[in-house]
Amino acid sequence: MNLFAYTRTIKDILTLNRKYIIPRFQREFSWEKPEHDMFWDDILSQIYIEQNELKTNDYFIGSIVLVGDDSKDTEFLVVDGQQRLTTITVIFSALTQILKEIDEPLSKSCYSYVEGKDGDYRPFFKLENESPKPFLQRRIQNFDKELDYIPETEEEQKLLLTYDYYIRRLKEENLRFDFKETSKNTKHYSYTDLLKILRDQILSFKTIFITVDNLKEAYTIFETLNAKGKDLETIDLIKNKIFTLLDDDHPTDYAKETWKKIKFTLRQRDESVNLSTFFRHFWISKYSFLTEARIYDSFQKLIPETKKEYKQFLQQLLEAASDYTQIIAPTPTDWKSQEAKPVYNSLVALNLFRVSQHRSFVLVLLKSYKEKLINITDLREALQKIEKFHFCFTAVCSQRASGIEGIYSKASRDLRSKTSRKDAQKSINELILKLTHKLPNNDLFIRKFHELEFTDWLTKNKKLIQYIFTNIEINRQNTSELTASNLSLEHIEPQSNLHPWVWKIGNLLPLASEINSKVGNKDLKTKIPHYRKSAFKITQDFCIKYKNQGSWTDKDAEQRTTELANEAYTIWKL
């Protein structure tokens with residue numbers, strides 16, 4: 001391996017007419033406010049005043065690893081240092097924009113660190129990144145910013161937030177305040193002086209400039225630098241491994257195009273899916289139950305290092321990504337038939353419960369259904385039982401989830417191994433039996449049920465309580481056609497009575513919103529005639545039971561909470 005290392009400043013790197021290219025295997029730009037706050041503090045803290053002059057300090061900001069020959073090449077691939085180089089480019093773009101308003105020649109001088117000229121005097125951007133193209137180039141790097149470019153991806157949003165962050169920091173009032181916070185009195189210096197010293201401080205930052213002469217060696221260094229996961233997530237290391245082997249780009253770059261499809265699939269719905277979270281759930285559903293830190297080593301052992309196996313692995317990921325979006329962001333169009341609607345309802349409920357441990361198993365359930373290993377009845381019943389379990393275990397009782405994800409992972413891998421409906425059903429039943437043994441008992445459920453509260457200022461449990469009333473109503477009416485789209489929550493004893501018992505579920509009734517708006521803060525005897533207009537059986541049953549009761553007390557609410565809890569436990573227990 002031919003490796004060369006030098007001490008270089010940012011000025012050394014960006015003054016020459018060289019192009020620094022973010023290669024295909026690199027992760028997306030990921031810096032957010034905490035990283036920018038730290039970097040901004042690093043910049044300001046190095047500036048000092050000596051004999052009434054603003055001065056810069058030498059400051060080491062880490063290594064930058066590139067592919068290329070420093071003696072002859074004009075284009076380099078950035079192996080390590082992407083986040084820093086991208087941020088510095090964005091800062092110079094922001095500085096250029098600020099300087100345009102106060103000093104046109106100085107702005108063009110600053111812009112020379114963003115845009116260079118080749119031998120034929122044709123302009124090019126010194127940092128090139130295909131992933132957010134053309135947004136980065138036109139909206140941020142361009143001298144004349146094209147403001148109509150709207151970010152379409154998470155990476156583009158982060159780049160725009162980065163640009164806006166430094167624009168705000170560079171405004172005169174904010175800049176002087178920040179200097180003051182670092183114990184520097186800058187009132188005697190012009191705004192231009194402050195902007196120039198910031199530019200000079202960034203340019204004086206030192207790096208260890210490391211070059212290697214081919215991409216294979218770059219991948220090796222990339223992996224070595226990040227093998228312990230200090231800077232990169234597992235998914236980035238695996239992406240690097242795949243891209244190393246699948247390096248063909250003709251007629252198309254299969255690895256790059258498939259990876260792009262996976263990311264697009266995970267982001268095509270309102271609820272954006274985290275790539276690392278999805279990958280872990282996919283992995284533990286198919287290979288082994290491991291912490292994220294151990295998955296990379298497992299990947300290297302379990303996935304044969306051949307182009308055929310890696311392409312197959314990417315295709316499996318793409319197929320799983322489509323199913324995963326249906327789990328985390330279900331829509332009615334996913335499950336159009338009447339017999340499939342309960343599947344949609346269960347997926348929505350599980351998201352309402354803020355539970356994720358089940359996703360590995362549900363991934364395999366959906367795959368099994370699409371491959372006709374199980375039918376819609378099997379799928380519906382399995383999901384309804386998982387929904388019931390997590391309603392009791394997670395939503396109401398808030399039990400510790402230790403061990404649950406492992407149970408799902410083992411069941412997922414077991415179900416994947418089945419080839420007949422009978423064996424698949426047996427595998428599902430074994431999982432449900434294990435979940436049944438984990439169910440909270442009736443006493444714990446009732447105690448936790450009493451802790452559910454709702455008011456206009458305590459809304460955390462509102463959707464959960466609406467879900468509870470909807471399902472109790474469905475059970476009492478013995479119909480599956482009810483929807484809760486028009487269900488509002490009425491406080492029998494008004495919320496204006498600030499005693500905690502007023503907030504409990506036993507003091508709540510489901511009402512249509514138009515009826516609820518007419519009830520007001522009246523006593524129970526006056527409210528009963530309004531309640532009778534409700535079509536909800538829960539409310540009708542309440543009116544029958546309490547028709548002769550003139551007042552409503554804390555004991556009534558407590559007793560009704562216990563009654564609802566017992567009814568709920570009967571409905572939801574497995």
# chains A, B, ... in the order shown; residues from 1 in each chain; ligands from 1
>>> closest_atom_pairs(of="segment 204-295 of chain A", to="segment 117-134 of chain A", cutoff="12 Å", atoms="only C-alpha atoms", output="JSON lines")
{"residue": "A:Lys256", "atom": "CA", "partner": "A:Ser131", "partner_atom": "CA", "distance": 10.1}
{"residue": "A:Glu257", "atom": "CA", "partner": "A:Ser131", "partner_atom": "CA", "distance": 11.2}
{"residue": "A:Trp259", "atom": "CA", "partner": "A:Ser131", "partner_atom": "CA", "distance": 11.5}
{"residue": "A:Lys260", "atom": "CA", "partner": "A:Ser131", "partner_atom": "CA", "distance": 9.2}
{"residue": "A:Lys263", "atom": "CA", "partner": "A:Ser131", "partner_atom": "CA", "distance": 11.7}
>>> select_by_dssp(residues="segment 196-358 of chain A", states="strand (DSSP E or B)", output="PyMOL selection string")
chain A and resi 205-212
>>> closest_residue(among="A:Leu290, A:Leu314, A:Leu159, A:Ala320", to="Thr265 of chain A", atoms="only C-alpha atoms")
A:Ala320
>>> residues_around(residues="segment 21-33 of chain A", least_positions_apart="3", cutoff="10 Å", atoms="only C-alpha atoms", output="ChimeraX atom specification")
/A:18,36-39,66-67,75-87,125-132,154-159,161-162,165,215,219,222,232-233,235-244,247,253,255-256
>>> write_last_selection(atoms="C-alpha atoms", output="PDB file, in the first residue's frame")
ATOM      1  CA  ARG A  18      -8.424  20.524  -7.097  1.00  0.00           C
ATOM      2  CA  HIS A  36     -22.224  22.573  14.447  1.00  0.00           C
ATOM      3  CA  ASP A  37     -22.317  24.141  17.919  1.00  0.00           C
ATOM      4  CA  MET A  38     -19.093  22.339  18.787  1.00  0.00           C
ATOM      5  CA  PHE A  39     -17.394  23.266  15.499  1.00  0.00           C
ATOM      6  CA  LEU A  66      -8.031  10.756   0.072  1.00  0.00           C
ATOM      7  CA  VAL A  67      -7.476   8.598  -2.992  1.00  0.00           C
ATOM      8  CA  GLU A  75      -9.205  14.993  -8.529  1.00  0.00           C
ATOM      9  CA  PHE A  76      -9.315  13.148  -5.200  1.00  0.00           C
ATOM     10  CA  LEU A  77     -11.861  10.840  -3.589  1.00  0.00           C
ATOM     11  CA  VAL A  78     -12.646  11.719   0.027  1.00  0.00           C
ATOM     12  CA  VAL A  79     -12.392   8.578   2.152  1.00  0.00           C
ATOM     13  CA  ASP A  80     -12.424  10.164   5.605  1.00  0.00           C
ATOM     14  CA  GLY A  81     -13.216  13.792   6.425  1.00  0.00           C
ATOM     15  CA  GLN A  82     -16.404  14.219   4.418  1.00  0.00           C
ATOM     16  CA  GLN A  83     -18.418  15.793   7.262  1.00  0.00           C
ATOM     17  CA  ARG A  84     -15.729  18.385   8.021  1.00  0.00           C
ATOM     18  CA  LEU A  85     -14.995  19.274   4.387  1.00  0.00           C
ATOM     19  CA  THR A  86     -18.693  19.571   3.584  1.00  0.00           C
ATOM     20  CA  THR A  87     -19.318  21.783   6.622  1.00  0.00           C
ATOM     21  CA  PHE A 125     -16.983  23.133  -7.443  1.00  0.00           C
ATOM     22  CA  LYS A 126     -14.035  22.069  -5.317  1.00  0.00           C
ATOM     23  CA  LEU A 127     -16.257  19.713  -3.319  1.00  0.00           C
ATOM     24  CA  GLU A 128     -18.408  17.432  -5.461  1.00  0.00           C
ATOM     25  CA  ASN A 129     -21.159  15.211  -4.117  1.00  0.00           C
ATOM     26  CA  GLU A 130     -23.526  13.395  -6.461  1.00  0.00           C
ATOM     27  CA  SER A 131     -25.991  12.299  -3.773  1.00  0.00           C
ATOM     28  CA  PRO A 132     -27.621  15.698  -3.074  1.00  0.00           C
ATOM     29  CA  GLU A 154     -33.158  14.021   4.610  1.00  0.00           C
ATOM     30  CA  GLU A 155     -29.579  14.756   3.537  1.00  0.00           C
ATOM     31  CA  GLU A 156     -30.632  17.845   1.582  1.00  0.00           C
ATOM     32  CA  GLN A 157     -32.654  19.062   4.567  1.00  0.00           C
ATOM     33  CA  LYS A 158     -29.601  18.715   6.807  1.00  0.00           C
ATOM     34  CA  LEU A 159     -27.456  20.600   4.299  1.00  0.00           C
ATOM     35  CA  LEU A 161     -30.241  23.557   7.964  1.00  0.00           C
ATOM     36  CA  THR A 162     -26.427  23.704   8.096  1.00  0.00           C
ATOM     37  CA  TYR A 165     -27.313  27.782  10.858  1.00  0.00           C
ATOM     38  CA  LEU A 215      -9.791   2.810  -4.332  1.00  0.00           C
ATOM     39  CA  TYR A 219     -11.914   1.077   1.260  1.00  0.00           C
ATOM     40  CA  PHE A 222     -12.100   3.533   5.524  1.00  0.00           C
ATOM     41  CA  LEU A 232     -19.894   5.146  11.574  1.00  0.00           C
ATOM     42  CA  GLU A 233     -22.979   3.065  12.185  1.00  0.00           C
ATOM     43  CA  ILE A 235     -25.078   0.095   8.156  1.00  0.00           C
ATOM     44  CA  ASP A 236     -22.303   2.380   6.833  1.00  0.00           C
ATOM     45  CA  LEU A 237     -19.656  -0.310   7.306  1.00  0.00           C
ATOM     46  CA  ILE A 238     -21.820  -2.907   5.574  1.00  0.00           C
ATOM     47  CA  LYS A 239     -22.551  -0.499   2.730  1.00  0.00           C
ATOM     48  CA  ASN A 240     -18.808   0.033   2.336  1.00  0.00           C
ATOM     49  CA  LYS A 241     -18.234  -3.748   2.239  1.00  0.00           C
ATOM     50  CA  ILE A 242     -20.900  -4.273  -0.415  1.00  0.00           C
ATOM     51  CA  PHE A 243     -19.756  -1.359  -2.556  1.00  0.00           C
ATOM     52  CA  THR A 244     -16.167  -2.596  -2.373  1.00  0.00           C
ATOM     53  CA  ASP A 247     -17.714  -2.012  -8.064  1.00  0.00           C
ATOM     54  CA  ASP A 253     -23.987   0.896 -10.941  1.00  0.00           C
ATOM     55  CA  ALA A 255     -25.060  -1.354  -5.833  1.00  0.00           C
ATOM     56  CA  LYS A 256     -25.566   2.404  -5.954  1.00  0.00           C
TER      57      LYS A 256
END
>>> residues_around(residues="Phe135 of chain A", least_positions_apart="3", cutoff="8 Å", atoms="only C-alpha atoms", output="VMD selection string")
chain A and resid 132 138 to 140 149 to 151 156
>>> write_last_selection(atoms="N, CA and C atoms", output="PDB file, in the first residue's frame")
ATOM      1  N   PRO A 132     -26.622  14.622  -3.171  1.00  0.00           N
ATOM      2  CA  PRO A 132     -27.621  15.698  -3.074  1.00  0.00           C
ATOM      3  C   PRO A 132     -27.636  16.618  -4.298  1.00  0.00           C
ATOM      4  N   ARG A 138     -26.729  24.025  -6.523  1.00  0.00           N
ATOM      5  CA  ARG A 138     -27.483  25.219  -6.937  1.00  0.00           C
ATOM      6  C   ARG A 138     -28.001  26.051  -5.756  1.00  0.00           C
ATOM      7  N   ARG A 139     -28.396  25.377  -4.694  1.00  0.00           N
ATOM      8  CA  ARG A 139     -28.992  26.115  -3.567  1.00  0.00           C
ATOM      9  C   ARG A 139     -27.950  26.652  -2.600  1.00  0.00           C
ATOM     10  N   ILE A 140     -26.787  25.957  -2.489  1.00  0.00           N
ATOM     11  CA  ILE A 140     -25.815  26.327  -1.459  1.00  0.00           C
ATOM     12  C   ILE A 140     -24.470  26.740  -2.043  1.00  0.00           C
ATOM     13  N   TYR A 149     -34.928  26.003  -5.143  1.00  0.00           N
ATOM     14  CA  TYR A 149     -34.626  24.585  -4.955  1.00  0.00           C
ATOM     15  C   TYR A 149     -35.035  24.158  -3.542  1.00  0.00           C
ATOM     16  N   ILE A 150     -35.955  23.201  -3.461  1.00  0.00           N
ATOM     17  CA  ILE A 150     -36.505  22.732  -2.188  1.00  0.00           C
ATOM     18  C   ILE A 150     -35.857  21.395  -1.843  1.00  0.00           C
ATOM     19  N   PRO A 151     -35.418  21.201  -0.596  1.00  0.00           N
ATOM     20  CA  PRO A 151     -34.831  19.905  -0.219  1.00  0.00           C
ATOM     21  C   PRO A 151     -35.853  18.781  -0.335  1.00  0.00           C
ATOM     22  N   GLU A 156     -30.493  16.478   2.089  1.00  0.00           N
ATOM     23  CA  GLU A 156     -30.632  17.845   1.582  1.00  0.00           C
ATOM     24  C   GLU A 156     -31.196  18.773   2.657  1.00  0.00           C
TER      25      GLU A 156
END
>>> select_by_dssp(residues="segment 190-416 of chain A", states="helix (DSSP H, G or I)", output="PyMOL selection string")
chain A and resi 191-204+215-226+234-245+254-267+275-286+292-302+307-328+332-334+338-352+359-370+376-396+404-416
